[in-house]
Amino acid sequence: MTIPMFKPGDDPGSSFPELLRRLGSVPAVPAGDAASLGSVPHATTCVAVRFADGVVMAGDRRATAGNFISHRSMEKVEEADRHSAVAIAGAAGPAMEMVKLFQLQLEHYEKVEGTPLSLEGKANQLSMMIRGNLGAAMQGMAVVPIFGGYDLRRATGRVWDFDVTGGRYEEKEYVATGSGSLHAGTVIKLGYSADQDRDQAIELVCRALWEAADADSATGGPDALRGIYPVVAQITVDGFSRVADDELAARYQVIAEAVRGRS
Amino acid sequence: MNMPFYVAPEQVMKDRADYARKGIARGRALVAVRYVDGIAMVAENSSATLRKISEIYDRIAFAGVGRYNEFDQLRVAGVRAADLKGFQYSRDDVDARSLANQYAQILGQIFTHEMKPMEVEILVAEVGQEPAGDQMFHINYDGTVVDQRERAVLGGDAAAISTRVAETFGDRDGDALDLASAVSGAVTALSTPERSIPAAELEVALLVRGDSRRCFRRLSDDEVIAIIGAGNGAPAAKT
C-alpha cells in the first residue's frame with residue numbers, strides 16, 4: 001500500500017467514501033436477486049429520546065434471520081464520535097459496514113479539516129450514505145438508522161430519523177426504528193416530557209424496549225440469565241457514555257416486578 | 001533540436017539539496033521530546049490556525065516544518081493512508097514505521113525525479129502502549145529517514161537548537177521527564193539567549209499514553225503558560 005497522492009483538481013477533499021471511490025476500493029452492488037441468498041441477519045428496535053441535557057439512545061441486542069435468532073448480543077447503538085451516536089436497524093451486514101464507514105468519515109473529516117463537522121453536517125453525511133445504499137436496499141438489504149447527538153453550537157440534544165431513500169427528518173421529542181419501533185415509540189410518546197432528566201429518559205427507553213420485546217418477536221428483551229441487557233447510551237455536553245449493565249439490571253428488575261404485579 | 005547542457009548528477013543533487021535546505025531554513029523550528037506519559041511536540045508558530053503539528057491516527061502524530069502547503073499535503077496524504085489501512089485491516093495494524101517509510105518513498109521520489117524538491121522536514125511520532133514502544137521518525141526533504149528515540153529537532157537552525165537540546169536535557173531518559181520539564185526544556189531549546197518566544201507563538205501538542213483511543217491532544221495557550229511557569233523554566237531543567 002502506498003500513500004495516496006492527488007493532483008489539486010482531483011483531490012477527494014475531506015470525504016473518506018469519495019477517497020475509497022477514487023482508489024476503486026468500493027465493492028460493486030451485486031446484481032441479481034438478494035432473495036436467493038436466503039435470509040440474512042436483520043437487526044431491529046432502536047430508540048433515541050431527547051432530555052434536558054442531551055439525548056439517550058437505546059437498542060435491543062437481537063438479530064434475526066427469518067424466524068431464527070442469529071445473534072443475542074449484537075450492539076446496535078454505536079458512538080459515532082465524541083458527541084453523537086448512531087443506532088441501526090435493517091440488514092445487519094450492510095448496517096454494520098455503514099456504521100463503521102460513518103464513524104471513520106467523521107474522524108477523517110475532523111483530522112483532514114482540523115475541526116469536527118457540525119451535528120447537522122453529520123446527520124447529512126449519514127443521509128448520503130443511506131442514499132448510496134439504495135441499490136442494495138431495493139434488493140432487500142435496507143438499512144435504516146437513527147442518529148442523535150449533542151449540538152455544541154446550539155447547546156441542546158437533537159435526534160434524527162431517516163427513511164430508506166436517505167430522507168432525513170429531525171424530530172423534537174424522540175425517534176424509533178426497526179420492527180418494534182411502533183410499540184417502543186408508543187411507550188415513549190405516552191411517557192415523554194420535554195424537561196425530563198437523565199434518569200427519567202433512561203427509564204423511558206428501558207420500558208419502551210421492554211414493551212417492544214413483549215410484542216415483537218424480532219426484538220430481544222433483557223436476558224437476566226445471560227446478563228445481556230439493551231445497549232443504552234447518553235450523549236451530553238460531556239460526550240458519549242454507555243449506561244452500565246448494573247444500572248440497567250436494577251431498572252429491569254423493577255420493571256419485571258411491576259409487570260408481575262399486573263396479573 | 002536543442003541539446004541540454006551536460007550537468008553532473010552530483011551537481012544536480014547538490015543544487016536541489018541546497019535549494020531545499022534554504023527553503024526549510026526560512027521557517028521556524030520544532031522540537032519533539034519523549035516524556036514519561038508520551039511525546040511532547042513544541043513548535044514555534046506565529047499562526048494560531050495554520051498548524052504544524054497534527055493528528056494522523058489513534059497513536060500517531062505528524063509534524064512538519066518548511067513550506068506549509070507542501071507539508072500539509074503530506075499530512076493529509078498520511079491521514080488518508082492511515083485511515084485506509086485501518087479500514088481495510090484493523091486499527092492495530094496502523095503504525096508509524098510503515099507510514100514513515102511511505103513518506104520517505106514519496107520525498108525521495110520527488111527529490112530525484114521532479115524539478116523542485118519539497119522544502120520540508122517531517123516527523124512521524126507514535127506513542128506506544130508501553131514507553132518502550134514510543135517511536136519518532138525524522139524524514140528529510142530527500143527522503144532520508146532517521147529514527148530518534150528520545151528527542152528530535154526539525155527545521156532551520158537545527159544544529160544550534162540540537163546543541164541547546166543536548167545542554168538542556170543532557171542524557172536524561174524520557175521515562176524520567178515529566179510533562180512540564182519536557183515542554184519547558186523544548187521551549188528553552190527553541191529560544192535563543194537574545195530572543196524568548198511568547199506562549200502565543202508556540203504550538204504545543206502531545207501524544208499521551210492513556211486510556212483513550214485517540215492519544216493526540218493540543219495544549220491551549222493558557223495550558224502552555226501554566227506549564228512553562230510551573231516547569232521551573234530553562235535553568236532548573238538542566239539538573
# chains A, B, ... in the order shown; residues from 1 in each chain; ligands from 1
call {"tool": "residues_around", "arguments": {"residues": "B:Ala63", "least_positions_apart": "6", "cutoff": "6 Å", "atoms": "only C-alpha atoms", "output": "VMD selection string"}}
result
chain B and resid 52 to 53 122 to 123
call {"tool": "write_last_selection", "arguments": {"atoms": "C-alpha atoms", "output": "PDB file, in the first residue's frame"}}
result
ATOM      1  CA  LYS B  52       2.495  22.411  12.075  1.00  0.00           C
ATOM      2  CA  ILE B  53       1.583  19.525  14.362  1.00  0.00           C
ATOM      3  CA  ILE B 122       8.670  15.997   8.741  1.00  0.00           C
ATOM      4  CA  LEU B 123       8.349  13.966  11.890  1.00  0.00           C
TER       5      LEU B 123
END
call {"tool": "interface_residues", "arguments": {"of": "chain A", "to": "chain B", "cutoff": "6 Å", "atoms": "only C-alpha atoms", "output": "PyMOL selection string"}}
result
chain A and resi 3-4+112
call {"tool": "write_last_selection", "arguments": {"atoms": "N, CA and C atoms", "output": "tab-separated table (two decimals), in the first residue's frame"}}
result
chain	number	residue	atom	x	y	z
A	3	ILE	N	1.06	5.67	-0.13
A	3	ILE	CA	0.31	6.86	0.28
A	3	ILE	C	-0.45	7.41	-0.92
A	4	PRO	N	-1.75	7.62	-0.79
A	4	PRO	CA	-2.49	8.17	-1.93
A	4	PRO	C	-2.23	9.67	-2.09
A	112	VAL	N	-8.66	15.76	8.68
A	112	VAL	CA	-8.23	16.47	7.47
A	112	VAL	C	-8.51	17.96	7.60
call {"tool": "select_by_dssp", "arguments": {"residues": "stretch 16-207 of chain B", "states": "alpha helix (DSSP H)", "output": "PyMOL selection string"}}
result
chain B and resi 16-26+68-88+96-113+158-169+179-190
call {"tool": "residues_around", "arguments": {"residues": "A:Val55", "least_positions_apart": "2", "cutoff": "7 Å", "atoms": "only C-alpha atoms", "output": "MDAnalysis selection string"}}
result
chainID A and resid 48:51 57 148:150 157:158 234:236
call {"tool": "write_last_selection", "arguments": {"atoms": "N, CA and C atoms", "output": "mmCIF file, in the first residue's frame"}}
result
data_model
loop_
_atom_site.group_PDB
_atom_site.id
_atom_site.type_symbol
_atom_site.label_atom_id
_atom_site.label_comp_id
_atom_site.auth_asym_id
_atom_site.auth_seq_id
_atom_site.Cartn_x
_atom_site.Cartn_y
_atom_site.Cartn_z
ATOM 1 N N ALA A 48 -34.245 6.751 20.285
ATOM 2 C CA ALA A 48 -33.461 7.855 20.837
ATOM 3 C C ALA A 48 -34.429 8.911 21.356
ATOM 4 N N VAL A 49 -34.161 9.421 22.551
ATOM 5 C CA VAL A 49 -35.066 10.367 23.207
ATOM 6 C C VAL A 49 -34.279 11.580 23.650
ATOM 7 N N ARG A 50 -34.848 12.744 23.430
ATOM 8 C CA ARG A 50 -34.217 13.972 23.960
ATOM 9 C C ARG A 50 -34.568 14.137 25.423
ATOM 10 N N PHE A 51 -33.636 14.631 26.196
ATOM 11 C CA PHE A 51 -33.964 15.029 27.560
ATOM 12 C C PHE A 51 -33.272 16.355 27.852
ATOM 13 N N MET A 57 -29.969 7.160 23.931
ATOM 14 C CA MET A 57 -30.236 6.272 22.801
ATOM 15 C C MET A 57 -30.144 4.832 23.294
ATOM 16 N N GLY A 148 -28.414 10.687 16.702
ATOM 17 C CA GLY A 148 -28.661 11.707 17.711
ATOM 18 C C GLY A 148 -27.359 12.179 18.301
ATOM 19 N N GLY A 149 -27.397 13.348 18.887
ATOM 20 C CA GLY A 149 -26.180 13.845 19.494
ATOM 21 C C GLY A 149 -26.406 15.150 20.203
ATOM 22 N N TYR A 150 -25.332 15.644 20.755
ATOM 23 C CA TYR A 150 -25.398 16.920 21.448
ATOM 24 C C TYR A 150 -24.818 17.977 20.534
ATOM 25 N N GLY A 157 -29.618 18.718 22.838
ATOM 26 C CA GLY A 157 -29.623 17.417 22.185
ATOM 27 C C GLY A 157 -30.531 17.454 20.968
ATOM 28 N N ARG A 158 -30.171 16.709 19.933
ATOM 29 C CA ARG A 158 -31.021 16.654 18.727
ATOM 30 C C ARG A 158 -31.065 15.222 18.220
ATOM 31 N N GLN A 234 -25.920 7.648 26.809
ATOM 32 C CA GLN A 234 -26.335 9.049 26.909
ATOM 33 C C GLN A 234 -25.290 9.905 26.216
ATOM 34 N N ILE A 235 -25.773 10.966 25.556
ATOM 35 C CA ILE A 235 -24.861 11.916 24.923
ATOM 36 C C ILE A 235 -25.208 13.290 25.472
ATOM 37 N N THR A 236 -24.280 13.885 26.168
ATOM 38 C CA THR A 236 -24.492 15.218 26.736
ATOM 39 C C THR A 236 -23.315 16.098 26.339
#
call {"tool": "closest_residue", "arguments": {"among": "A:Asp161, A:Glu173, A:Asp53, A:Asp151", "to": "A:Leu190", "atoms": "only C-alpha atoms"}}
result
A:Glu173
call {"tool": "select_by_dssp", "arguments": {"residues": "stretch 15-194 of chain B", "states": "strand (DSSP E or B)", "output": "VMD selection string"}}
result
chain B and resid 30 to 35 38 to 44 53 to 57 60 to 66 120 to 126 135 to 139 145 to 148 151 to 154 192
